[in-house]
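Listing of upload-v3.cif, mmCIF, C-alpha atoms and all ligand atoms
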data_final
loop_
_atom_site.label_atom_id
_atom_site.label_comp_id
_atom_site.auth_asym_id
_atom_site.auth_seq_id
_atom_site.Cartn_x
_atom_site.Cartn_y
_atom_site.Cartn_z
CA VAL A 1 25.78 34.48 -78.46
CA SER A 2 27.52 33.01 -81.51
CA PRO A 3 30.98 34.35 -82.37
CA PRO A 4 31.03 37.05 -85.06
CA GLU A 5 31.37 35.61 -88.54
CA GLU A 6 34.91 35.66 -89.90
CA PRO A 7 35.44 38.31 -92.59
CA ARG A 8 36.23 36.82 -95.97
CA GLY A 9 39.60 37.37 -97.56
CA LEU A 10 41.88 36.50 -94.62
CA GLU A 11 43.41 33.54 -96.46
CA ARG A 12 46.08 35.58 -98.21
CA PRO A 13 47.39 37.42 -95.11
CA ARG A 14 47.32 34.13 -93.18
CA GLU A 15 49.35 32.39 -95.86
CA TYR A 16 51.80 35.27 -96.02
CA PHE A 17 52.48 35.21 -92.26
CA ARG A 18 52.56 31.44 -92.11
CA ARG A 19 55.52 31.57 -94.49
CA ALA A 20 57.17 34.56 -92.82
CA LEU A 21 56.97 32.85 -89.42
CA ALA A 22 58.30 29.58 -90.82
CA ARG A 23 61.33 31.46 -92.14
CA ARG A 24 61.53 33.55 -88.94
CA ARG A 25 61.41 36.65 -91.08
CA LEU A 26 58.98 39.04 -89.49
CA SER A 27 59.31 42.72 -90.29
CA HIS A 28 59.37 45.47 -87.64
CA ALA A 29 56.52 47.35 -89.24
CA TYR A 30 53.37 46.37 -91.06
CA LEU A 31 50.62 48.46 -92.54
CA PHE A 32 47.31 46.61 -92.74
CA LEU A 33 45.19 48.29 -95.40
CA GLY A 34 41.57 47.59 -96.13
CA PRO A 35 38.02 48.81 -95.70
CA GLU A 36 36.07 48.82 -92.45
CA GLY A 37 35.00 45.31 -91.49
CA SER A 38 37.72 43.58 -93.52
CA GLY A 39 39.25 41.98 -90.42
CA LYS A 40 42.42 44.07 -89.95
CA ARG A 41 42.15 44.33 -86.15
CA ARG A 42 41.04 40.76 -85.77
CA PHE A 43 43.95 39.55 -87.86
CA ALA A 44 46.48 41.75 -86.01
CA LEU A 45 45.35 40.16 -82.72
CA GLU A 46 45.50 36.72 -84.30
CA LEU A 47 49.07 37.36 -85.43
CA ALA A 48 50.05 38.48 -81.92
CA SER A 49 48.38 35.35 -80.53
CA THR A 50 50.46 33.20 -82.87
CA LEU A 51 53.60 34.66 -81.25
CA TYR A 52 52.44 34.07 -77.67
CA CYS A 53 50.01 31.17 -77.78
CA SER A 54 51.15 28.39 -75.43
CA ARG A 55 50.16 25.91 -78.14
CA GLY A 56 51.85 27.99 -80.84
CA GLU A 57 48.81 28.22 -83.06
CA ALA A 58 46.62 31.14 -81.93
CA CYS A 59 44.27 28.61 -80.34
CA GLY A 60 42.07 31.34 -78.88
CA GLN A 61 41.65 29.36 -75.64
CA CYS A 62 44.92 29.39 -73.68
CA SER A 63 45.58 32.13 -71.12
CA SER A 64 47.86 34.06 -73.52
CA CYS A 65 45.35 34.04 -76.36
CA LEU A 66 42.53 35.09 -74.04
CA ALA A 67 44.62 37.91 -72.59
CA ILE A 68 45.42 39.17 -76.08
CA VAL A 69 41.80 39.10 -77.21
CA HIS A 70 40.77 40.99 -74.06
CA CYS A 71 43.60 43.49 -74.52
CA ASN A 72 45.34 42.78 -71.23
CA HIS A 73 48.44 40.95 -72.38
CA ALA A 74 51.65 42.59 -71.10
CA ALA A 75 53.41 42.46 -74.48
CA VAL A 76 50.54 43.25 -76.84
CA THR A 77 48.89 46.65 -76.81
CA VAL A 78 46.28 48.21 -79.05
CA TYR A 79 46.55 51.97 -79.54
CA GLY A 80 44.21 54.46 -81.16
CA PRO A 81 42.83 57.93 -80.49
CA GLU A 82 42.39 58.56 -76.75
CA ALA A 83 38.84 58.73 -75.38
CA GLY A 84 37.11 61.89 -76.53
CA LYS A 85 39.75 62.67 -79.17
CA SER A 86 39.70 62.02 -82.88
CA LEU A 87 43.46 62.26 -83.44
CA ILE A 88 46.34 60.10 -82.27
CA ASP A 89 48.77 62.51 -80.67
CA ILE A 90 52.45 62.35 -79.90
CA ASP A 91 51.90 61.26 -76.27
CA THR A 92 50.27 58.05 -77.46
CA VAL A 93 53.16 57.36 -79.84
CA ARG A 94 55.69 58.15 -77.07
CA SER A 95 54.09 55.67 -74.70
CA LEU A 96 54.08 53.08 -77.49
CA CYS A 97 57.79 53.65 -78.11
CA GLU A 98 58.64 53.56 -74.39
CA ARG A 99 56.77 50.31 -73.87
CA SER A 100 58.74 48.73 -76.69
CA HIS A 101 61.98 49.12 -74.69
CA TYR A 102 60.65 47.02 -71.83
CA ALA A 103 60.01 44.04 -74.05
CA ARG A 104 63.22 42.20 -73.30
CA SER A 105 61.95 38.68 -73.69
CA GLY A 106 59.76 37.96 -76.67
CA ALA A 107 58.38 40.60 -78.99
CA PHE A 108 56.40 43.65 -78.05
CA VAL A 109 53.51 43.99 -80.45
CA ALA A 110 51.95 47.42 -80.81
CA ILE A 111 48.78 47.62 -82.87
CA LEU A 112 47.96 51.18 -83.86
CA GLU A 113 44.46 51.40 -85.25
CA GLY A 114 43.31 54.11 -87.65
CA ALA A 115 46.77 55.40 -88.51
CA GLU A 116 45.10 58.12 -90.63
CA ALA A 117 44.44 59.84 -87.32
CA LEU A 118 48.15 60.29 -86.45
CA THR A 119 49.06 63.96 -86.11
CA GLY A 120 52.16 65.15 -88.01
CA PRO A 121 54.43 65.16 -84.92
CA ALA A 122 53.08 61.75 -83.85
CA ALA A 123 53.77 60.27 -87.30
CA ASN A 124 57.30 61.70 -87.24
CA ALA A 125 57.96 60.28 -83.76
CA LEU A 126 56.79 56.88 -84.91
CA LEU A 127 58.95 57.15 -88.02
CA LYS A 128 62.04 57.72 -85.82
CA THR A 129 61.30 54.55 -83.86
CA LEU A 130 60.84 52.59 -87.07
CA GLU A 131 64.15 53.85 -88.39
CA GLU A 132 65.96 52.36 -85.40
CA PRO A 133 63.58 49.77 -84.02
CA PRO A 134 64.48 48.11 -80.71
CA GLY A 135 65.23 44.39 -81.14
CA ASN A 136 61.90 42.72 -80.61
CA PHE A 137 59.42 45.30 -81.65
CA ILE A 138 56.59 44.81 -84.11
CA VAL A 139 54.27 47.64 -84.93
CA ILE A 140 51.12 47.03 -86.92
CA LEU A 141 49.38 50.09 -88.30
CA THR A 142 45.88 49.77 -89.68
CA ALA A 143 44.24 52.18 -92.12
CA ALA A 144 41.57 52.23 -94.80
CA SER A 145 44.05 53.48 -97.40
CA SER A 146 47.58 54.80 -97.37
CA GLY A 147 46.62 58.11 -98.97
CA ALA A 148 46.29 60.06 -95.73
CA LEU A 149 49.52 58.73 -94.22
CA LEU A 150 52.99 60.23 -94.27
CA PRO A 151 54.62 58.70 -97.40
CA THR A 152 57.90 58.07 -95.54
CA LEU A 153 55.95 56.16 -92.90
CA VAL A 154 54.20 54.05 -95.57
CA SER A 155 57.53 53.23 -97.21
CA ARG A 156 58.91 51.97 -93.86
CA CYS A 157 56.07 49.47 -93.52
CA HIS A 158 55.36 46.21 -95.22
CA ARG A 159 51.87 46.57 -96.69
CA ILE A 160 49.31 43.82 -96.23
CA TYR A 161 46.00 44.25 -97.96
CA PHE A 162 42.65 43.09 -96.61
CA SER A 163 40.12 42.95 -99.39
CA GLY A 164 36.99 42.59 -97.31
CA PRO A 165 33.87 40.89 -98.55
CA PRO A 166 33.61 40.61 -102.33
CA CYS A 167 31.12 43.06 -103.74
CA ASP A 168 27.97 41.15 -104.66
CA ASP A 169 25.77 44.20 -105.07
CA PRO A 170 24.69 44.06 -108.75
CA ALA A 171 24.27 47.83 -108.72
CA ALA A 172 28.02 48.21 -108.16
CA ILE A 173 29.08 46.03 -111.06
CA LEU A 174 30.08 47.97 -114.16
CA PRO A 175 29.51 46.19 -117.48
CA GLU A 176 32.68 44.61 -118.86
CA ASP A 177 32.48 46.67 -122.06
CA VAL A 178 32.47 49.89 -120.03
CA LEU A 179 35.61 48.77 -118.21
CA ALA A 180 37.23 47.73 -121.47
CA GLU A 181 36.48 51.12 -123.09
CA LEU A 182 38.04 52.88 -120.17
CA ALA A 183 41.25 50.89 -120.53
CA ARG A 184 41.64 51.55 -124.26
CA PRO A 185 44.72 53.62 -125.07
CA GLU A 186 42.67 55.61 -127.60
CA PHE A 187 39.98 56.39 -125.02
CA PHE A 188 40.40 60.15 -125.30
CA ALA A 189 40.34 60.07 -129.10
CA ARG A 190 37.13 58.05 -129.18
CA TYR A 191 35.10 59.55 -126.37
CA GLU A 192 34.22 62.85 -124.89
CA PRO A 193 34.76 61.96 -121.22
CA ARG A 194 31.66 63.77 -119.87
CA GLN A 195 29.37 62.07 -122.37
CA TRP A 196 31.03 58.78 -121.67
CA LEU A 197 30.41 59.30 -117.94
CA SER A 198 26.68 59.86 -118.53
CA ARG A 199 26.56 56.58 -120.41
CA ALA A 200 28.70 54.63 -117.90
CA ALA A 201 26.67 56.01 -114.98
CA PRO A 202 23.20 56.44 -116.53
CA ASP A 203 20.33 58.19 -114.75
CA ALA A 204 18.55 54.86 -114.28
CA ALA A 205 21.48 53.52 -112.21
CA LEU A 206 21.54 56.50 -109.85
CA PRO A 207 19.31 57.19 -106.87
CA GLU A 208 16.12 59.12 -107.68
CA GLY A 209 16.78 62.82 -108.20
CA ARG A 210 20.53 62.49 -107.65
CA HIS A 211 21.98 62.89 -111.11
CA SER A 212 24.78 65.33 -110.39
CA SER A 213 28.25 64.63 -111.72
CA ARG A 214 29.32 63.93 -108.13
CA GLU A 215 26.78 61.07 -107.97
CA ARG A 216 27.90 59.79 -111.36
CA VAL A 217 31.56 59.78 -110.37
CA ARG A 218 30.65 58.11 -107.07
CA TYR A 219 28.82 55.38 -108.99
CA LEU A 220 31.73 54.94 -111.39
CA LEU A 221 34.24 54.73 -108.52
CA ARG A 222 32.14 52.11 -106.75
CA GLY A 223 32.20 50.00 -109.92
CA LEU A 224 35.93 50.52 -110.44
CA LEU A 225 36.62 49.54 -106.82
CA ALA A 226 34.57 46.37 -107.23
CA ALA A 227 36.48 45.58 -110.44
CA ALA A 228 39.82 46.29 -108.77
CA ARG A 229 38.91 43.99 -105.84
CA ARG A 230 38.01 41.20 -108.25
CA LYS A 231 41.31 41.76 -110.04
CA LEU A 232 43.22 41.61 -106.76
CA THR A 233 41.48 38.42 -105.69
CA SER A 234 42.58 36.63 -108.85
CA SER A 235 46.14 37.95 -108.88
CA SER A 236 49.30 36.55 -107.37
CA GLY A 237 53.06 36.93 -107.44
CA ALA A 238 54.31 39.89 -109.45
CA ASP A 239 50.73 41.00 -110.29
CA LEU A 240 49.95 41.59 -106.66
CA ASP A 241 51.75 44.87 -106.09
CA PRO A 242 50.39 46.82 -109.09
CA ASN A 243 46.88 45.61 -108.30
CA LEU A 244 47.26 46.59 -104.70
CA ASP A 245 48.44 49.96 -105.81
CA LEU A 246 45.45 50.38 -108.14
CA LEU A 247 43.04 49.58 -105.32
CA ASP A 248 44.84 51.86 -102.92
CA ARG A 249 44.74 54.79 -105.34
CA LEU A 250 41.03 54.28 -106.07
CA LEU A 251 40.30 54.20 -102.33
CA GLU A 252 42.25 57.42 -102.02
CA LEU A 253 40.12 58.98 -104.77
CA ARG A 254 36.94 57.91 -103.00
CA SER A 255 38.14 59.62 -99.82
CA SER A 256 38.88 62.78 -101.79
CA LEU A 257 35.42 62.70 -103.39
CA ASP A 258 33.88 62.32 -99.92
CA ALA A 259 36.04 65.23 -98.79
CA ASN A 260 34.42 67.47 -101.42
CA VAL A 261 37.16 67.52 -104.03
CA SER A 262 35.62 68.54 -107.37
CA PRO A 263 34.01 65.55 -109.13
CA ASP A 264 35.58 66.64 -112.44
CA LEU A 265 39.02 66.41 -110.93
CA VAL A 266 38.30 63.03 -109.33
CA PHE A 267 36.90 61.73 -112.63
CA GLU A 268 39.98 62.92 -114.49
CA ARG A 269 42.23 61.07 -112.03
CA CYS A 270 40.02 57.97 -112.26
CA LEU A 271 40.55 57.88 -116.01
CA ALA A 272 44.28 58.30 -115.66
CA ILE A 273 44.67 55.67 -112.94
CA PHE A 274 42.37 53.03 -114.35
CA GLY A 275 43.53 53.55 -117.93
CA ALA A 276 47.16 53.11 -116.87
CA ALA A 277 46.36 49.96 -114.90
CA LYS A 278 45.89 47.90 -118.08
CA TYR A 279 42.55 46.32 -117.33
CA PRO A 280 41.75 43.47 -117.63
ZN ZN B 1 46.55 29.96 -77.47
#
As a first step, turn the structure in this file into structure tokens.
Amino acid sequence: VSPPEEPRGLERPREYFRRALARRRLSHAYLFLGPEGSGKRRFALELASTLYCSRGEACGQCSSCLAIVHCNHAAVTVYGPEAGKSLIDIDTVRSLCERSHYARSGAFVAILEGAEALTGPAANALLKTLEEPPGNFIVILTAASSGALLPTLVSRCHRIYFSGPPCDDPAAILPEDVLAELARPEFFARYEPRQWLSRAAPDAALPEGRHSSRERVRYLLRGLLAAARRKLTSSSGADLDPNLDLLDRLLELRSSLDANVSPDLVFERCLAIFGAAKYP
């Protein structure tokens, strides 16, 4: 069996942590954001391996690296919803916090997957630990977007974005002129948004018989997400944060559309967010 192919887009997080480790400036809390399959878990384990690898390079072959990959390293634990449950409750967070106190030598790395599933009390308990973290404690939360997380928890974490594979589906690429129209300050003076939507997401681009405004907004969002990912890939330095924010907010909108929020409302927010993001 060949090893699973490495997700694309790990270069930036790798470079970030290479520098942070060289300066010995690791944070107590990270939030790894990105879509399913973008390598968040894999990278979290790789980071933990870098801290414990006997060769100091996440070799993937020494006893420490192997223990981490197989989730039986004493100082690295992966948490998530317990078997049969869909939420991460306060007991899980308590055991995470208790374990952190036993890590006297070296760091204790807690990886908490799917942080969207934290219950309110669990998120608050975690927040308390992050406010006064024990000395060598690193918690890595992973989530698809920060929208469903407690804002105070998000603000305590250093965000690292995983872009996932670039979108090469031609059906998801919006024409450049459509994107440019959307970003024009006089958009609302020039266009009637509903008519514009029918043109930006024409019947021919939608699945057979699915021409509702929900399908149109879904199509538009897919194109905006692809554009935002391209923008993020080509940005650096001071551009990074606003572009990250744009992507995060679009992902949040997609979740709300999937959760049956009215397509009109989602479309309205799309216009506001993308227009304000000054594309290109
Ligand atoms: Zn190793």
Write out as a VMD selection string the residues lying within 6 Å of region 80-92 of chain A, counting only C-alpha atoms and excluding same-chain residues fewer than 4 positions away. chain A and resid 112 to 113 117 to 119 122
Nearby residues, ligand ZN 1 (chain B), 9 Å, all atoms listed in the file, as a list in words: Ser49, Thr50, Tyr52, Cys53, Ser54, Arg55, Gly56, Glu57, Ala58, Cys59, Gly60, Gln61, Cys62, Ser63, Ser64, Cys65 and Leu66 of chain A
One decimal, in Å: what's the spacing between CA of Leu232 (chain A) and CA of Leu244 (chain A)? 6.7 Å
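Minimum atom-to-atom distances from A:Ala74, A:Ala238, A:Leu126, A:Leu10 to Phe43 (chain A) were compared using all atoms listed in the file, and the lowest value belongs to A:Leu10.
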From A:Asn260, A:Ser27, A:Asn243, A:Ser95, residue lying nearest Ser163 (chain A) [only C-alpha atoms]: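 The shortest atom-to-atom distance to Ser163 (chain A) comes from A:Asn243.
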Any idea what's packed within 12 Å of Ser256 (chain A), counting only C-alpha atoms, ignoring anything in its chain fewer than 2 positions away? Could you give it as a list in words?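 Listing them by chain and then by number gives Ser145, Gly147, Ala148, Arg214, Val217, Arg218, Leu221, Arg249, Leu250, Leu251, Glu252, Leu253, Arg254, Asp258, Ala259, Asn260, Val261, Ser262, Pro263, Asp264, Leu265, Val266, Phe267, Arg269 and Cys270 of chain A.
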Pick from A:Leu51, A:Glu131, A:Val139, A:Glu116: nearest to Arg18 (chain A), with all atoms listed in the file counted?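 Distance minimum relative to Arg18 (chain A) lands on A:Leu51.
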